[in-house]
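Notes to accompany the following structure.
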Amino acid sequence: MNDLTLVLLAAGSSSRFKCCSKKQWLRIGHKPLWQEVAQKCVETKLFDKIIITSAKEDIEFMKNYDSFTFVQGSSTRQKSLLNALKEVQSDFVIVSDIARACINEEFLKKIISKKGKADCIVPYLKVSDTIVYENETINRDKVKRIQTPQLSRTNILKSALDTDKEFTDESSAIVANGGSREFILGESEANKITFVKDLNLLSCLEKPSNDILSGTGFDVHAFDETTQMYLCGVKIDSDFGFKAHSDGDVAIHALIDALLGAAGMGDIGMMFPDSSDEFKDIDSKILLQRVVKKIYDFGFIIVNIDLTIAAQTPKIGNYKLEMRRTIAKILRCDSSRVNIKATTTEKLGFIGRSEGVGVIANANLKYFDWTKI
């Protein structure tokens, strides 16, 4: 055993990345970036344990992919790291960012070879450009571009970060707390993804798979004479609506399940439980908007959807175009990719007896192709 834990930070919101997908969910083949980076680290066999920090809204989905130790992050990098350090039992810890995606094994070994030489081992890059600070040209030979991963004594790092002062890297916190650090020359290939243009610097990453991912959804709702009817987000002229915890839009509910199914995110009941007052009488378009945001955040693109609405009554032919346009706007796609079909059950079953409506939905997704940015 190497008495060494790796913490990979992946709880950020990607606010500076400014893309339709969070950078930690960019796909490398079928794998999200965070999993690709973590598994490469596993293959080195240098770490006794790997801990990954995650945003609250991501963590349950991450657990579907792998069995690492996942820790909920916080509002800042430093607070997220402190949460992760609670799970560290080894004397030494290496901290890196998922966005530092092209770290090779030899670079890690070079850092680890300095273990114990100082409280923190820090890779850096030299600066070749002229540097001006507050209108004064300074000696560029005295300037260092700090990188991660950084190797620290665990107890020293915990103590250094337990402060209200925010630090942008581990070594700065340790030095401010009276600890020591030793610099080693870093690697220019270990670029960090901060902005979209940084993706052009990462030659180690495979492009996303072009497979199509398909999901289905099915839902039924009984009629209720005390409510208004909504289908696909459109108000339907009817003497009754649906019996439901939300507004009862059975078409959107089926669509949500189809989208979640294609993405491997579970089902509508897991995301919006009918036991929660938060979703009482809620407009189902709001639920769909939340799902669509998650779909895009997690590295997917919506290709098309197909809905079959089975109803003896009401007749929805005159509403189809408005339904398509309403759904397409929420899905961020052209209305030609939203198909709405209507059928009856030839007066058979509860639908044929005009007691309710059933909807079958199909959704197709693909991965966001970051290589085409």
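Starting from 1 in every chain, residues are counted up; chains themselves are A, B, ... following the order of the structure tokens, and ligands are numbered from 1 as listed.
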Task: 7 Å contact set for region 151-165 of chain A, only C-alpha atoms, chain neighbours under 4 positions out, as a PyMOL selection string - done: chain A and resi 78+82+85+91-95+119-122+173-174+177
- [ ] Within 9 Å of Ser336 (chain A), counting only C-alpha atoms, which residues show up once you throw out same-chain ones fewer than 6 positions away? Write them as a list in words, please.
- [x]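 After dropping sequence-adjacent residues, the list is Asn304, Arg324, Arg325 and Ala328 of chain A.
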Print the selection's residues with all heavy atoms to a file, as a PDB file, in the first residue's frame.
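Resulting contents of result-v9.pdb:
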```pdb
ATOM      1  N   ASN A 304     -34.630  13.580 -31.008  1.00  0.00           N
ATOM      2  CA  ASN A 304     -36.047  13.702 -31.373  1.00  0.00           C
ATOM      3  C   ASN A 304     -36.900  12.988 -30.327  1.00  0.00           C
ATOM      4  O   ASN A 304     -36.394  12.180 -29.539  1.00  0.00           O
ATOM      5  CB  ASN A 304     -36.332  13.113 -32.750  1.00  0.00           C
ATOM      6  CG  ASN A 304     -36.313  11.592 -32.746  1.00  0.00           C
ATOM      7  OD1 ASN A 304     -35.268  10.984 -32.500  1.00  0.00           O
ATOM      8  ND2 ASN A 304     -37.456  10.976 -33.020  1.00  0.00           N
ATOM      9  N   ARG A 324     -46.617  20.591 -30.479  1.00  0.00           N
ATOM     10  CA  ARG A 324     -45.257  20.400 -31.006  1.00  0.00           C
ATOM     11  C   ARG A 324     -44.393  21.614 -30.701  1.00  0.00           C
ATOM     12  O   ARG A 324     -43.250  21.480 -30.247  1.00  0.00           O
ATOM     13  CB  ARG A 324     -45.295  20.149 -32.508  1.00  0.00           C
ATOM     14  CG  ARG A 324     -45.921  18.837 -32.910  1.00  0.00           C
ATOM     15  CD  ARG A 324     -45.976  18.673 -34.409  1.00  0.00           C
ATOM     16  NE  ARG A 324     -44.667  18.342 -34.956  1.00  0.00           N
ATOM     17  CZ  ARG A 324     -44.504  17.545 -36.021  1.00  0.00           C
ATOM     18  NH1 ARG A 324     -45.549  17.004 -36.623  1.00  0.00           N
ATOM     19  NH2 ARG A 324     -43.293  17.294 -36.468  1.00  0.00           N
ATOM     20  N   ARG A 325     -44.926  22.772 -30.954  1.00  0.00           N
ATOM     21  CA  ARG A 325     -44.144  23.986 -30.760  1.00  0.00           C
ATOM     22  C   ARG A 325     -43.844  24.229 -29.283  1.00  0.00           C
ATOM     23  O   ARG A 325     -42.746  24.670 -28.923  1.00  0.00           O
ATOM     24  CB  ARG A 325     -44.886  25.181 -31.360  1.00  0.00           C
ATOM     25  CG  ARG A 325     -44.923  25.147 -32.890  1.00  0.00           C
ATOM     26  CD  ARG A 325     -45.815  26.231 -33.462  1.00  0.00           C
ATOM     27  NE  ARG A 325     -45.765  26.252 -34.924  1.00  0.00           N
ATOM     28  CZ  ARG A 325     -46.581  26.965 -35.700  1.00  0.00           C
ATOM     29  NH1 ARG A 325     -47.531  27.717 -35.133  1.00  0.00           N
ATOM     30  NH2 ARG A 325     -46.458  26.938 -37.009  1.00  0.00           N
ATOM     31  N   ALA A 328     -41.179  21.596 -28.259  1.00  0.00           N
ATOM     32  CA  ALA A 328     -39.897  21.865 -28.920  1.00  0.00           C
ATOM     33  C   ALA A 328     -39.154  23.020 -28.263  1.00  0.00           C
ATOM     34  O   ALA A 328     -37.932  22.980 -28.102  1.00  0.00           O
ATOM     35  CB  ALA A 328     -40.128  22.153 -30.403  1.00  0.00           C
TER      36      ALA A 328
END
```
Task: Pick from A:Val291, A:Ala258, A:Cys19, A:Ile112, whichever lies nearest to Leu213 (chain A) using only C-alpha atoms - done: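 Nearest to Leu213 (chain A): A:Ala258.
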Task: Those in region 195-295 of chain A with strand (DSSP E or B) from DSSP, as a ChimeraX atom specification - done: /A:208,213-224,229-231,234-236,241-242
Task: DSSP helix (DSSP H, G or I) residues within region 113-300 of chain A, listed as a VMD selection string - done: chain A and resid 140 to 142 154 to 161 170 to 176 196 to 201 250 to 263 268 to 271 277 to 279 284 to 297
Open item on the list: Report as a list in words all protein, DNA and RNA residues lying within 10 Å of Glu87 (chain A), evaluated on only C-alpha atoms, omitting residues in the same chain fewer than 4 positions from it.
Closed with: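 Close residues of Glu87 (chain A): Thr5, Val7, Lys49, Ile50, Ile51, Thr69, Phe70, Val71, Leu82 and Asn83 of chain A.
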Save out the residues we just selected, C-alpha atoms, as an mmCIF file, in the first residue's frame.
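Output saved as result04.cif:
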```
data_model
loop_
_atom_site.group_PDB
_atom_site.id
_atom_site.type_symbol
_atom_site.label_atom_id
_atom_site.label_comp_id
_atom_site.auth_asym_id
_atom_site.auth_seq_id
_atom_site.Cartn_x
_atom_site.Cartn_y
_atom_site.Cartn_z
ATOM 1 C CA THR A 5 -5.330 8.877 -1.240
ATOM 2 C CA VAL A 7 -9.042 13.428 -4.240
ATOM 3 C CA LYS A 49 -8.368 5.136 -2.347
ATOM 4 C CA ILE A 50 -9.934 7.579 -4.801
ATOM 5 C CA ILE A 51 -12.473 10.159 -3.632
ATOM 6 C CA THR A 69 -16.132 7.155 -2.888
ATOM 7 C CA PHE A 70 -18.339 10.132 -3.765
ATOM 8 C CA VAL A 71 -18.563 13.163 -1.491
ATOM 9 C CA LEU A 82 -12.594 19.926 3.175
ATOM 10 C CA ASN A 83 -15.635 17.669 2.794
#
```
Open item on the list: Report as an NGL selection string all protein, DNA and RNA residues lying within 8 Å of region 138-146 of chain A, evaluated on only C-alpha atoms, omitting residues in the same chain fewer than 4 positions from it.
Closed with: :A and (122-133)
Using N, CA and C atoms, can you write the selected residues to a file as a compact mmCIF listing (two decimals), in the first residue's frame?
```
# COMPACT_ATOMS: atom_id res chain seq x y z
N VAL A 122 4.55 20.70 -5.12
CA VAL A 122 3.77 21.52 -6.04
C VAL A 122 4.42 21.56 -7.43
N PRO A 123 3.74 21.09 -8.46
CA PRO A 123 4.26 21.26 -9.82
C PRO A 123 3.99 22.68 -10.34
N TYR A 124 4.90 23.17 -11.15
CA TYR A 124 4.72 24.52 -11.70
C TYR A 124 5.28 24.57 -13.11
N LEU A 125 4.87 25.59 -13.85
CA LEU A 125 5.41 25.87 -15.17
C LEU A 125 6.10 27.22 -15.16
N LYS A 126 7.17 27.31 -15.92
CA LYS A 126 7.86 28.59 -16.07
C LYS A 126 7.05 29.50 -16.99
N VAL A 127 7.30 30.78 -16.88
CA VAL A 127 6.61 31.78 -17.69
C VAL A 127 7.57 32.31 -18.74
N SER A 128 7.15 32.29 -20.00
CA SER A 128 8.03 32.75 -21.09
C SER A 128 7.69 34.16 -21.56
N ASP A 129 6.48 34.63 -21.27
CA ASP A 129 6.08 35.97 -21.71
C ASP A 129 6.53 37.03 -20.70
N THR A 130 6.60 38.26 -21.17
CA THR A 130 6.86 39.38 -20.27
C THR A 130 5.67 39.54 -19.33
N ILE A 131 5.95 39.80 -18.05
CA ILE A 131 4.92 39.92 -17.03
C ILE A 131 4.90 41.34 -16.48
N VAL A 132 3.71 41.94 -16.52
CA VAL A 132 3.51 43.28 -15.96
C VAL A 132 2.50 43.16 -14.83
N TYR A 133 2.85 43.67 -13.65
CA TYR A 133 1.96 43.65 -12.49
C TYR A 133 1.75 45.08 -12.02
```
Task: Counting only C-alpha atoms, the residue of A:Lys197, A:Lys280, A:Lys341, A:Lys22 that sits nearest Leu321 (chain A) - done: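 The answer is A:Lys341, which sits nearest to Leu321 (chain A).
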Neighbour list for Thr313 (chain A) as a PDB file with N, CA and C atoms, in the first residue's frame, cut-off 9 Å, only C-alpha atoms, skip fewer than 4 positions in-chain:
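File around_39.pdb, as written:
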```
ATOM      1  N   THR A 344     -57.238   6.178 -30.602  1.00  0.00           N
ATOM      2  CA  THR A 344     -58.227   5.719 -29.619  1.00  0.00           C
ATOM      3  C   THR A 344     -57.933   4.259 -29.302  1.00  0.00           C
ATOM      4  N   ILE A 351     -59.593   3.593 -21.146  1.00  0.00           N
ATOM      5  CA  ILE A 351     -59.490   4.707 -22.092  1.00  0.00           C
ATOM      6  C   ILE A 351     -60.721   4.728 -22.991  1.00  0.00           C
ATOM      7  N   GLY A 352     -61.114   3.548 -23.496  1.00  0.00           N
ATOM      8  CA  GLY A 352     -62.294   3.457 -24.356  1.00  0.00           C
ATOM      9  C   GLY A 352     -63.574   3.837 -23.647  1.00  0.00           C
ATOM     10  N   SER A 354     -63.777   6.263 -21.699  1.00  0.00           N
ATOM     11  CA  SER A 354     -63.621   7.699 -21.425  1.00  0.00           C
ATOM     12  C   SER A 354     -63.405   7.980 -19.945  1.00  0.00           C
ATOM     13  N   GLU A 355     -62.559   7.148 -19.328  1.00  0.00           N
ATOM     14  CA  GLU A 355     -62.232   7.343 -17.911  1.00  0.00           C
ATOM     15  C   GLU A 355     -60.861   7.999 -17.718  1.00  0.00           C
ATOM     16  N   GLY A 356     -60.072   8.083 -18.771  1.00  0.00           N
ATOM     17  CA  GLY A 356     -58.749   8.661 -18.649  1.00  0.00           C
ATOM     18  C   GLY A 356     -57.988   8.612 -19.956  1.00  0.00           C
ATOM     19  N   VAL A 357     -56.708   8.977 -19.896  1.00  0.00           N
ATOM     20  CA  VAL A 357     -55.839   9.049 -21.078  1.00  0.00           C
ATOM     21  C   VAL A 357     -54.533   8.323 -20.761  1.00  0.00           C
TER      22      VAL A 357
END
```
